[in-house]
$ cat final-v1.txt   # compact mmCIF, C-alpha atoms
# COMPACT_ATOMS: atom_id res chain seq x y z
CA MET A 1317 134.39 239.06 245.38
CA LYS A 1318 130.79 239.89 246.10
CA SER A 1319 129.89 240.17 242.43
CA VAL A 1320 131.45 236.77 241.72
CA LEU A 1321 129.36 235.25 244.47
CA ILE A 1322 126.22 236.87 243.12
CA SER A 1323 126.83 235.68 239.56
CA ALA A 1324 127.59 232.19 240.84
CA LEU A 1325 124.30 232.17 242.72
CA PHE A 1326 122.52 233.49 239.66
CA ALA A 1327 124.04 230.73 237.51
CA LEU A 1328 122.91 228.17 240.07
CA VAL A 1329 119.36 229.47 240.00
CA VAL A 1330 119.30 229.42 236.19
CA VAL A 1331 120.72 225.91 235.98
CA SER A 1332 118.41 224.48 238.62
CA GLY A 1333 115.49 226.16 236.90
CA MET A 1334 116.36 224.52 233.61
CA SER A 1335 116.52 221.02 235.00
CA GLY A 1336 112.75 221.10 235.61
CA PRO A 1337 110.87 219.46 238.47
CA SER A 1338 112.64 216.50 239.98
CA LEU A 1339 111.05 213.12 239.40
CA ALA A 1340 109.58 211.12 242.24
CA VAL A 1341 109.76 207.96 240.13
CA GLU A 1342 113.03 206.29 240.96
CA PRO A 1343 115.23 204.67 238.32
CA ASP A 1344 114.78 201.14 239.65
CA GLU A 1345 111.00 201.46 239.30
CA ILE A 1346 111.00 202.40 235.62
CA LEU A 1347 109.89 199.63 233.29
CA ASP A 1348 112.02 198.58 230.32
CA ASP A 1349 109.08 198.85 227.96
CA PRO A 1350 108.64 202.60 227.28
CA VAL A 1351 105.00 202.19 226.20
CA LEU A 1352 104.12 200.36 229.41
CA GLU A 1353 106.08 202.88 231.45
CA GLN A 1354 104.20 205.73 229.79
CA ARG A 1355 100.88 204.07 230.67
CA ALA A 1356 102.06 203.58 234.24
CA ARG A 1357 103.01 207.27 234.45
CA GLU A 1358 99.60 208.34 233.16
CA LEU A 1359 97.75 206.11 235.63
CA SER A 1360 99.96 207.24 238.50
CA LYS A 1361 99.04 210.85 237.82
CA GLY A 1362 95.40 210.03 238.55
CA LEU A 1363 96.04 208.20 241.82
CA ARG A 1364 96.12 210.07 245.09
CA CYS A 1365 99.02 209.67 247.44
CA LEU A 1366 97.06 208.82 250.59
CA VAL A 1367 99.59 210.10 253.06
CA CYS A 1368 100.22 213.41 251.28
CA GLN A 1369 98.24 216.59 250.79
CA ASN A 1370 96.75 216.41 247.31
CA GLN A 1371 99.72 214.93 245.52
CA SER A 1372 99.49 212.13 243.02
CA ILE A 1373 101.61 209.05 243.56
CA ASP A 1374 103.52 210.13 240.49
CA ASP A 1375 104.63 213.30 242.29
CA SER A 1376 105.25 211.94 245.73
CA ASN A 1377 108.35 210.59 247.36
CA ALA A 1378 106.36 208.94 250.13
CA GLU A 1379 107.02 205.26 250.60
CA LEU A 1380 103.40 204.27 250.19
CA ALA A 1381 103.31 206.19 246.91
CA ARG A 1382 106.35 204.25 245.76
CA ASP A 1383 104.70 200.94 246.70
CA LEU A 1384 101.58 201.87 244.75
CA ARG A 1385 103.64 202.95 241.72
CA ILE A 1386 105.35 199.58 241.77
CA ILE A 1387 102.00 197.80 241.99
CA VAL A 1388 100.63 199.80 239.05
CA ARG A 1389 103.66 198.69 237.04
CA GLU A 1390 103.27 195.09 238.20
CA ARG A 1391 99.66 194.97 237.10
CA LEU A 1392 100.45 196.49 233.71
CA THR A 1393 103.34 194.10 233.18
CA ALA A 1394 101.04 191.21 234.09
CA GLY A 1395 98.85 192.28 231.17
CA ASP A 1396 96.10 194.21 232.96
CA SER A 1397 94.35 196.98 231.06
CA ASP A 1398 94.40 200.54 232.41
CA GLU A 1399 90.89 200.07 233.82
CA GLU A 1400 91.73 196.78 235.51
CA THR A 1401 94.77 198.37 237.11
CA MET A 1402 92.78 201.30 238.42
CA ASP A 1403 90.01 198.98 239.64
CA TYR A 1404 92.59 196.96 241.52
CA ILE A 1405 93.73 200.01 243.48
CA VAL A 1406 90.19 201.37 243.95
CA ALA A 1407 89.02 198.02 245.34
CA ARG A 1408 91.55 198.42 248.14
CA TYR A 1409 91.61 202.13 248.80
CA GLY A 1410 88.18 203.24 247.57
CA ASP A 1411 87.16 206.03 245.23
CA TYR A 1412 89.07 208.43 247.44
CA VAL A 1413 92.30 207.26 245.84
CA LEU A 1414 91.19 208.68 242.49
CA LEU A 1415 92.14 212.31 242.02
CA LYS A 1416 89.26 212.68 239.58
CA PRO A 1417 86.10 211.45 241.30
CA PRO A 1418 84.08 208.95 239.23
CA VAL A 1419 80.47 209.62 238.29
CA ASN A 1420 78.28 207.46 240.53
CA ALA A 1421 75.33 207.82 242.88
CA GLY A 1422 77.48 209.26 245.62
CA THR A 1423 79.15 211.90 243.47
CA LEU A 1424 76.25 212.82 241.18
CA GLY A 1425 75.61 215.99 243.15
CA LEU A 1426 79.24 216.96 242.79
CA TRP A 1427 79.15 216.54 239.03
CA LEU A 1428 75.70 217.92 238.27
CA GLY A 1429 75.42 220.47 241.08
CA PRO A 1430 77.07 223.37 239.22
CA PHE A 1431 74.89 222.85 236.14
CA LEU A 1432 71.80 222.59 238.32
CA ILE A 1433 72.65 225.86 240.02
CA LEU A 1434 73.27 227.46 236.63
CA ILE A 1435 69.87 226.32 235.33
CA VAL A 1436 68.02 227.43 238.46
CA ALA A 1437 69.81 230.78 238.41
CA GLY A 1438 69.04 231.15 234.69
CA ILE A 1439 65.35 230.52 235.28
CA ALA A 1440 65.36 232.98 238.17
CA VAL A 1441 67.03 235.67 236.04
CA PHE A 1442 64.58 235.00 233.18
CA PHE A 1443 61.55 235.49 235.40
CA PHE A 1444 63.08 238.49 237.10
CA LEU A 1445 63.75 240.24 233.79
CA ARG A 1446 60.40 239.27 232.35
CA GLY A 1447 58.62 240.55 235.43
CA ARG A 1448 60.42 243.84 235.12
CA SER A 1449 59.62 244.39 231.45
CA GLN A 1450 55.99 243.43 232.10
CA ALA A 1451 55.84 246.02 234.82
CA PHE A 1452 57.01 248.65 232.35
CA ALA A 1453 54.50 247.46 229.77
CA THR A 1454 51.54 247.73 232.14
CA GLN A 1455 52.63 251.20 233.14
CA GLY A 1456 52.60 252.31 229.52
CA ALA A 1457 49.27 250.74 228.58
CA GLY A 1458 47.17 251.55 231.63
CA ALA A 1459 48.10 255.26 231.61
CA GLU A 1460 45.07 256.40 233.59
CA SER A 1461 45.39 253.87 236.32
CA THR A 1462 48.80 254.87 237.59
CA ASP A 1463 49.79 258.24 238.85
CA THR A 1464 53.02 258.51 236.90
CA GLY A 1465 51.53 257.55 233.54
CA ARG A 1466 48.46 259.83 233.78
CA ALA A 1467 47.85 262.45 231.10
CA LEU A 1468 48.19 266.06 232.19
CA ASP A 1469 45.08 267.98 233.07
CA ALA A 1470 44.43 271.54 231.87
CA ALA A 1471 46.00 273.29 234.86
CA GLU A 1472 49.13 271.24 234.59
CA THR A 1473 49.45 271.88 230.89
CA ALA A 1474 49.20 275.59 231.49
CA ARG A 1475 51.85 275.43 234.21
CA LEU A 1476 54.15 273.37 232.01
CA ASN A 1477 53.80 275.81 229.14
CA ALA A 1478 54.51 278.69 231.44
CA LEU A 1479 57.71 276.99 232.66
CA LEU A 1480 58.81 276.18 229.13
CA GLY A 1481 58.04 279.73 228.11
CA GLU A 1482 60.18 281.01 230.98
CA ASP A 1483 63.05 278.91 229.73
CA ALA A 1484 62.58 280.09 226.17
CA ASP A 1485 62.57 283.68 227.36
CA LYS A 1486 65.79 283.17 229.26
CA THR A 1487 67.56 281.71 226.26
CA ASN A 1488 66.33 284.49 224.11
CA SER A 1489 67.44 287.19 226.50
CA LYS A 1490 70.86 285.55 226.70
CA LYS A 1491 71.10 285.66 222.95
CA ASP A 1492 70.14 289.31 222.96
CA SER A 1493 72.74 290.27 225.48
CA SER A 1494 75.56 288.54 223.68
CA MET B 1173 55.79 239.55 250.17
CA MET B 1174 57.19 236.64 248.12
CA LYS B 1175 59.15 239.06 246.01
CA ARG B 1176 60.85 240.47 249.05
CA LEU B 1177 61.67 237.07 250.48
CA ILE B 1178 63.45 236.00 247.33
CA PHE B 1179 66.18 238.52 248.03
CA LEU B 1180 66.88 236.72 251.28
CA LEU B 1181 67.56 233.50 249.36
CA PRO B 1182 71.27 234.15 248.71
CA LEU B 1183 71.71 234.99 252.37
CA VAL B 1184 69.99 231.77 253.41
CA LEU B 1185 72.08 229.74 250.93
CA PHE B 1186 75.26 231.37 252.18
CA GLY B 1187 74.28 230.72 255.79
CA THR B 1188 73.56 227.06 255.05
CA LEU B 1189 76.88 226.52 253.28
CA ALA B 1190 78.83 228.44 255.91
CA GLY B 1191 77.19 226.36 258.62
CA TYR B 1192 78.00 223.14 256.81
CA PHE B 1193 81.62 224.08 256.25
CA PHE B 1194 81.94 225.22 259.85
CA ALA B 1195 80.55 221.94 261.10
CA ARG B 1196 83.01 220.00 258.96
CA LEU B 1197 85.98 222.07 260.12
CA GLY B 1198 86.72 219.83 263.06
CA ASP B 1199 86.71 216.62 261.00
CA ASP B 1200 89.94 214.77 260.53
CA VAL B 1201 90.43 215.10 256.79
CA THR B 1202 93.31 212.62 256.80
CA THR B 1203 90.91 209.76 257.53
CA VAL B 1204 90.21 207.93 254.32
CA PRO B 1205 86.90 206.08 254.25
CA SER B 1206 87.67 202.40 253.96
CA ALA B 1207 86.67 200.60 250.82
CA LEU B 1208 86.67 197.27 252.61
CA ILE B 1209 83.95 197.75 255.22
CA ASP B 1210 81.52 194.81 255.01
CA LYS B 1211 83.79 193.09 252.50
CA PRO B 1212 85.75 189.91 253.16
CA VAL B 1213 89.34 190.18 254.30
CA PRO B 1214 91.33 190.36 251.05
CA PRO B 1215 93.49 187.40 250.06
CA ILE B 1216 96.54 188.13 252.18
CA GLU B 1217 99.24 185.59 252.87
CA THR B 1218 102.08 186.42 255.23
CA VAL B 1219 104.99 184.52 256.73
CA ALA B 1220 105.32 184.20 260.50
CA LEU B 1221 107.24 186.86 262.36
CA LEU B 1222 108.11 184.56 265.25
CA GLU B 1223 109.10 180.94 265.36
CA GLY B 1224 106.35 178.87 266.91
CA LYS B 1225 103.61 181.42 266.18
CA PRO B 1226 101.81 181.33 262.83
CA GLY B 1227 101.61 184.12 260.28
CA VAL B 1228 98.33 185.63 259.15
CA SER B 1229 96.29 184.76 256.08
CA ALA B 1230 92.77 185.58 254.96
CA ALA B 1231 91.49 182.11 255.89
CA ASP B 1232 92.29 182.78 259.56
CA PHE B 1233 89.40 185.20 259.85
CA LYS B 1234 86.66 182.65 259.33
CA GLY B 1235 84.79 181.13 262.26
CA GLU B 1236 84.60 183.76 264.97
CA PRO B 1237 84.99 187.52 265.38
CA LYS B 1238 88.60 188.61 265.34
CA ILE B 1239 90.75 191.68 265.61
CA LEU B 1240 93.54 192.53 263.22
CA ASN B 1241 96.08 195.06 264.39
CA VAL B 1242 98.63 196.46 261.95
CA TRP B 1243 101.75 197.68 263.70
CA ALA B 1244 105.46 198.33 263.31
CA SER B 1245 108.32 198.86 265.72
CA TRP B 1246 109.12 202.21 264.07
CA CYS B 1247 105.61 203.46 264.69
CA ILE B 1248 105.35 205.62 267.79
CA PRO B 1249 101.52 205.60 268.11
CA CYS B 1250 101.70 201.78 268.01
CA ARG B 1251 103.69 201.94 271.21
CA ALA B 1252 101.06 204.24 272.70
CA GLU B 1253 98.16 201.93 271.86
CA HIS B 1254 99.96 198.72 272.79
CA PRO B 1255 98.60 198.54 276.37
CA LEU B 1256 95.08 198.88 275.00
CA ILE B 1257 95.59 196.13 272.46
CA THR B 1258 96.93 193.96 275.27
CA ARG B 1259 93.88 194.78 277.40
CA LEU B 1260 91.57 194.08 274.46
CA ALA B 1261 93.10 190.64 273.94
CA ARG B 1262 93.05 189.78 277.65
CA ASP B 1263 89.58 191.10 278.57
CA THR B 1264 87.56 189.97 275.58
CA GLY B 1265 89.37 186.72 274.88
CA ILE B 1266 88.94 187.43 271.18
CA PRO B 1267 91.97 186.44 269.11
CA VAL B 1268 93.97 189.52 268.15
CA LEU B 1269 96.00 188.92 265.02
CA GLY B 1270 98.99 191.14 264.34
CA LEU B 1271 100.36 192.30 261.04
CA ASN B 1272 103.88 193.61 261.33
CA TYR B 1273 104.09 196.18 258.56
CA LYS B 1274 107.30 197.17 256.76
CA ASP B 1275 109.57 196.43 259.65
CA ARG B 1276 112.90 194.79 260.33
CA GLN B 1277 112.34 191.40 261.86
CA GLY B 1278 114.92 191.91 264.61
CA ALA B 1279 113.47 195.27 265.60
CA ALA B 1280 109.94 193.84 265.64
CA ILE B 1281 110.94 190.93 267.88
CA ALA B 1282 112.81 193.27 270.24
CA TRP B 1283 109.70 195.46 270.41
CA LEU B 1284 107.57 192.47 271.46
CA ASP B 1285 110.19 191.39 274.01
CA GLU B 1286 110.10 194.83 275.55
CA LEU B 1287 106.34 195.50 275.54
CA GLY B 1288 104.85 192.03 275.57
CA ASP B 1289 103.14 190.03 272.87
CA PRO B 1290 99.33 190.11 273.00
CA TYR B 1291 98.94 188.59 269.54
CA HIS B 1292 97.43 185.25 268.68
CA ALA B 1293 99.37 185.14 265.42
CA ILE B 1294 101.69 187.63 263.75
CA GLY B 1295 102.26 188.00 260.03
CA TYR B 1296 105.47 189.55 258.87
CA ASP B 1297 104.75 191.90 255.97
CA GLN B 1298 108.16 193.20 255.10
CA SER B 1299 107.27 194.40 251.61
CA GLY B 1300 104.03 196.05 252.70
CA ARG B 1301 102.19 194.00 250.11
CA ALA B 1302 99.63 192.56 252.50
CA GLY B 1303 99.19 196.10 253.82
CA ILE B 1304 98.26 197.32 250.37
CA GLU B 1305 95.77 194.47 249.98
CA LEU B 1306 94.11 195.76 253.14
CA GLY B 1307 94.29 199.37 252.03
CA VAL B 1308 96.66 200.26 254.87
CA TYR B 1309 98.00 203.77 254.55
CA GLY B 1310 99.05 204.62 258.06
CA VAL B 1311 99.96 202.44 260.99
CA PRO B 1312 98.60 201.59 263.41
CA GLU B 1313 95.36 200.33 261.94
CA THR B 1314 92.88 198.12 263.72
CA TYR B 1315 90.19 196.00 262.09
CA VAL B 1316 87.28 194.06 263.55
CA THR B 1317 86.07 191.11 261.48
CA ASP B 1318 82.94 189.03 261.97
CA LYS B 1319 82.60 185.25 261.98
CA ASP B 1320 82.19 185.19 258.21
CA GLY B 1321 85.56 186.85 257.80
CA ARG B 1322 84.14 190.19 256.72
CA ILE B 1323 85.68 193.46 257.85
CA ARG B 1324 83.13 195.28 259.98
CA TYR B 1325 85.21 198.09 261.38
CA LYS B 1326 88.44 199.86 260.66
CA ARG B 1327 90.31 202.31 262.82
CA VAL B 1328 93.17 204.26 261.29
CA GLY B 1329 95.49 205.63 263.93
CA PRO B 1330 95.98 204.52 267.50
CA VAL B 1331 93.13 203.00 269.47
CA THR B 1332 92.27 205.27 272.38
CA PRO B 1333 90.40 204.26 275.56
CA GLU B 1334 87.33 206.14 274.26
CA ILE B 1335 87.39 204.36 270.92
CA LEU B 1336 87.89 201.04 272.63
CA GLU B 1337 84.94 201.58 274.99
CA GLU B 1338 82.58 203.30 272.59
CA GLU B 1339 83.27 201.66 269.25
CA ILE B 1340 85.29 198.47 269.39
CA LEU B 1341 83.95 196.71 272.51
CA PRO B 1342 80.25 197.29 271.71
CA LEU B 1343 80.81 195.95 268.20
CA ILE B 1344 82.59 192.89 269.53
CA ARG B 1345 79.74 192.25 271.98
CA GLU B 1346 77.27 192.50 269.13
CA LEU B 1347 79.28 190.22 266.86
CA SER B 1348 79.82 187.64 269.61
CA LYS B 1349 76.10 187.13 270.22

$ encode --input "final-v1.txt" --output "C-alpha cells"
Amino acid sequence: MKSVLISALFALVVVSGMSGPSLAVEPDEILDDPVLEQRARELSKGLRCLVCQNQSIDDSNAELARDLRIIVRERLTAGDSDEETMDYIVARYGDYVLLKPPVNAGTLGLWLGPFLILIVAGIAVFFFLRGRSQAFATQGAGAESTDTGRALDAAETARLNALLGEDADKTNSKKDSS
Amino acid sequence: MMKRLIFLLPLVLFGTLAGYFFARLGDDVTTVPSALIDKPVPPIETVALLEGKPGVSAADFKGEPKILNVWASWCIPCRAEHPLITRLARDTGIPVLGLNYKDRQGAAIAWLDELGDPYHAIGYDQSGRAGIELGVYGVPETYVTDKDGRIRYKRVGPVTPEILEEEILPLIRELSK
C-alpha cells in the first residue's frame, strides 16, 4: 500500500515536471496571428509587472499584468512597431517598467560604472606593479647605497668562507663515516 | 604617506557604499516614480458612475488646480483615507474628481452611500483603461493638477494626515496663488 502511494507520488512529480512552467498568458488573450503573438510575448518579457517582485508581465498572473499584456497586443494589432508599443507603456509608467534599463543620462552611471571601475583598478594595478619592479631595479643598481645590496667587506668575506668551509667539512666527514 | 593611505581606499569605498545602502534600507521600494509628473493629464475619457454627476475626462483638469483620487470599493486603504479626502474637499474647496477603478458599479454606489460622496465628478473605469493611461498600479492614488491641467503631484497609497498637511495642502496653496 505504502509503495503504491510512493510510486503514485513519484509519477505525479515526474508528470508535473514534464509539463514545464505554467503560462500566465491566458487563452483568451492570445492573438490569432502567431507572428504578432510571438512579438507580444517577446515585448511582455521585457516589461516589469509593477505590482510584483521582479516578474515580467509575461510571467505574472496579476491583474495589472494581464491588462498590460492586452494593451501590448492591442497596440501591435493596431499596427504599432515594437518600439512604439514599448514607448506607449513607458510614457505611462516610466523607465521603471522596463526590466532592462535604457541608456540615458540618468542610467549612464549604471551602464558605464563597472567599466570605469575596471579601468581605474587596472591603472592602479599597473602603477602598483611598476612601482614594485622599479624598487627592485634601484636596489640592484645602487648597490652601495642600500644596506642589503652592499658588497661584502674583507671581514665578512672571511667569515662567510669560514662558514662555508665548516659546512664542507661536515659533508666530508659524513661521507667518511658512511 | 600617500602610499599608506591608498590601502585605506577600499575601506573608504566600502564604508561609503555600506552607508548608502543602509540609508536606502528604509525606503519604500514598491513606490514607482511617476512618469507623468509635470506632464498633462493623459487623454482619459470615462463614463459617469452616478446619474446626475459627470464622469471624468482630461479636459476637466483645465482652469484651476484640482485633485484626482483613484479609488475602488474593494480597496481597503481607500476606506481608510476616505475621511481625509472628504476633509480635503470640504476645507480647501478645490474640486476633487474621483476615478472609480475596476469596480462593480453597484458596489461602488453602495460604498458612496455608506461613506459619503466628496467627489465633484466620478468617472467609472470598469476596464481599468483610464487607470493605465494614468499609470495607476495600486489604488488608492491621489494626483494634484495645476490650472494648466498638468500633473504636479502623485501619491500612491492612502493619503495620511501627515501627507495631507506636509505635501498636498502646501502644494495646493502654492498652486492656488

$ interface_residues --input "final-v1.txt" --of "chain B" --to "chain A" --cutoff "12 Å" --atoms "all atoms listed in the file" --output "compact mmCIF listing (two decimals) with C-alpha atoms, keeping the file's coordinate frame"
# COMPACT_ATOMS: atom_id res chain seq x y z
CA LYS B 1175 59.15 239.06 246.01
CA ILE B 1178 63.45 236.00 247.33
CA PHE B 1179 66.18 238.52 248.03
CA LEU B 1181 67.56 233.50 249.36
CA PRO B 1182 71.27 234.15 248.71
CA LEU B 1185 72.08 229.74 250.93
CA VAL B 1201 90.43 215.10 256.79
CA THR B 1202 93.31 212.62 256.80
CA THR B 1203 90.91 209.76 257.53
CA VAL B 1204 90.21 207.93 254.32
CA PRO B 1205 86.90 206.08 254.25
CA SER B 1206 87.67 202.40 253.96
CA ALA B 1207 86.67 200.60 250.82
CA LEU B 1208 86.67 197.27 252.61
CA ILE B 1209 83.95 197.75 255.22
CA LYS B 1211 83.79 193.09 252.50
CA PRO B 1212 85.75 189.91 253.16
CA VAL B 1213 89.34 190.18 254.30
CA PRO B 1214 91.33 190.36 251.05
CA PRO B 1215 93.49 187.40 250.06
CA TYR B 1273 104.09 196.18 258.56
CA LYS B 1274 107.30 197.17 256.76
CA GLN B 1298 108.16 193.20 255.10
CA SER B 1299 107.27 194.40 251.61
CA GLY B 1300 104.03 196.05 252.70
CA ARG B 1301 102.19 194.00 250.11
CA ALA B 1302 99.63 192.56 252.50
CA GLY B 1303 99.19 196.10 253.82
CA ILE B 1304 98.26 197.32 250.37
CA GLU B 1305 95.77 194.47 249.98
CA LEU B 1306 94.11 195.76 253.14
CA GLY B 1307 94.29 199.37 252.03
CA VAL B 1308 96.66 200.26 254.87
CA TYR B 1309 98.00 203.77 254.55
CA GLY B 1310 99.05 204.62 258.06
CA VAL B 1311 99.96 202.44 260.99
CA VAL B 1328 93.17 204.26 261.29

$ atom_distance --input "final-v1.txt" --atom1 "atom CA of A:Pro1343" --atom2 "atom CA of A:Asn1370"
23.7 Å

$ residues_around --input "final-v1.txt" --residues "B:Glu1253" --least-positions-apart "3" --cutoff "7 Å" --atoms "only C-alpha atoms" --output "VMD selection string"
chain B and resid 1249 to 1250 1256 to 1257 1330 to 1332

$ closest_residue --input "final-v1.txt" --among "A:Ala1467, A:Leu1428, A:Ala1356, A:Ala1474" --to "A:Glu1399" --atoms "all atoms listed in the file"
A:Ala1356

$ atom_distance --input "final-v1.txt" --atom1 "atom CA of A:Ile1435" --atom2 "atom CA of B:Tyr1192"
23.2 Å

$ build_atoms --input "final-v1.txt" --residues "stretch 1293-1304 of chain B" --atoms "N, CA and C atoms" --output "PDB file, keeping the file's coordinate frame"
ATOM      1  N   ALA B1293      98.530 185.503 266.567  1.00  0.00           N
ATOM      2  CA  ALA B1293      99.370 185.140 265.420  1.00  0.00           C
ATOM      3  C   ALA B1293      99.929 186.448 264.881  1.00  0.00           C
ATOM      4  N   ILE B1294     101.106 186.400 264.285  1.00  0.00           N
ATOM      5  CA  ILE B1294     101.690 187.630 263.750  1.00  0.00           C
ATOM      6  C   ILE B1294     102.253 187.366 262.350  1.00  0.00           C
ATOM      7  N   GLY B1295     101.727 188.078 261.382  1.00  0.00           N
ATOM      8  CA  GLY B1295     102.260 188.000 260.030  1.00  0.00           C
ATOM      9  C   GLY B1295     103.358 189.026 259.846  1.00  0.00           C
ATOM     10  N   TYR B1296     104.356 188.651 259.104  1.00  0.00           N
ATOM     11  CA  TYR B1296     105.470 189.550 258.870  1.00  0.00           C
ATOM     12  C   TYR B1296     105.379 190.063 257.427  1.00  0.00           C
ATOM     13  N   ASP B1297     104.984 191.320 257.294  1.00  0.00           N
ATOM     14  CA  ASP B1297     104.750 191.900 255.970  1.00  0.00           C
ATOM     15  C   ASP B1297     105.862 192.886 255.652  1.00  0.00           C
ATOM     16  N   GLN B1298     107.001 192.347 255.298  1.00  0.00           N
ATOM     17  CA  GLN B1298     108.160 193.200 255.100  1.00  0.00           C
ATOM     18  C   GLN B1298     107.973 194.131 253.903  1.00  0.00           C
ATOM     19  N   SER B1299     107.406 193.613 252.829  1.00  0.00           N
ATOM     20  CA  SER B1299     107.270 194.400 251.610  1.00  0.00           C
ATOM     21  C   SER B1299     106.122 195.392 251.680  1.00  0.00           C
ATOM     22  N   GLY B1300     105.205 195.181 252.630  1.00  0.00           N
ATOM     23  CA  GLY B1300     104.030 196.050 252.700  1.00  0.00           C
ATOM     24  C   GLY B1300     102.953 195.612 251.733  1.00  0.00           C
ATOM     25  N   ARG B1301     103.128 194.468 251.121  1.00  0.00           N
ATOM     26  CA  ARG B1301     102.190 194.000 250.110  1.00  0.00           C
ATOM     27  C   ARG B1301     100.831 193.622 250.706  1.00  0.00           C
ATOM     28  N   ALA B1302     100.893 192.912 251.835  1.00  0.00           N
ATOM     29  CA  ALA B1302      99.630 192.560 252.500  1.00  0.00           C
ATOM     30  C   ALA B1302      98.937 193.831 252.972  1.00  0.00           C
ATOM     31  N   GLY B1303      99.740 194.807 253.399  1.00  0.00           N
ATOM     32  CA  GLY B1303      99.190 196.100 253.820  1.00  0.00           C
ATOM     33  C   GLY B1303      98.413 196.752 252.707  1.00  0.00           C
ATOM     34  N   ILE B1304      98.952 196.706 251.512  1.00  0.00           N
ATOM     35  CA  ILE B1304      98.260 197.320 250.370  1.00  0.00           C
ATOM     36  C   ILE B1304      96.969 196.571 250.060  1.00  0.00           C
TER      37      ILE B1304
END
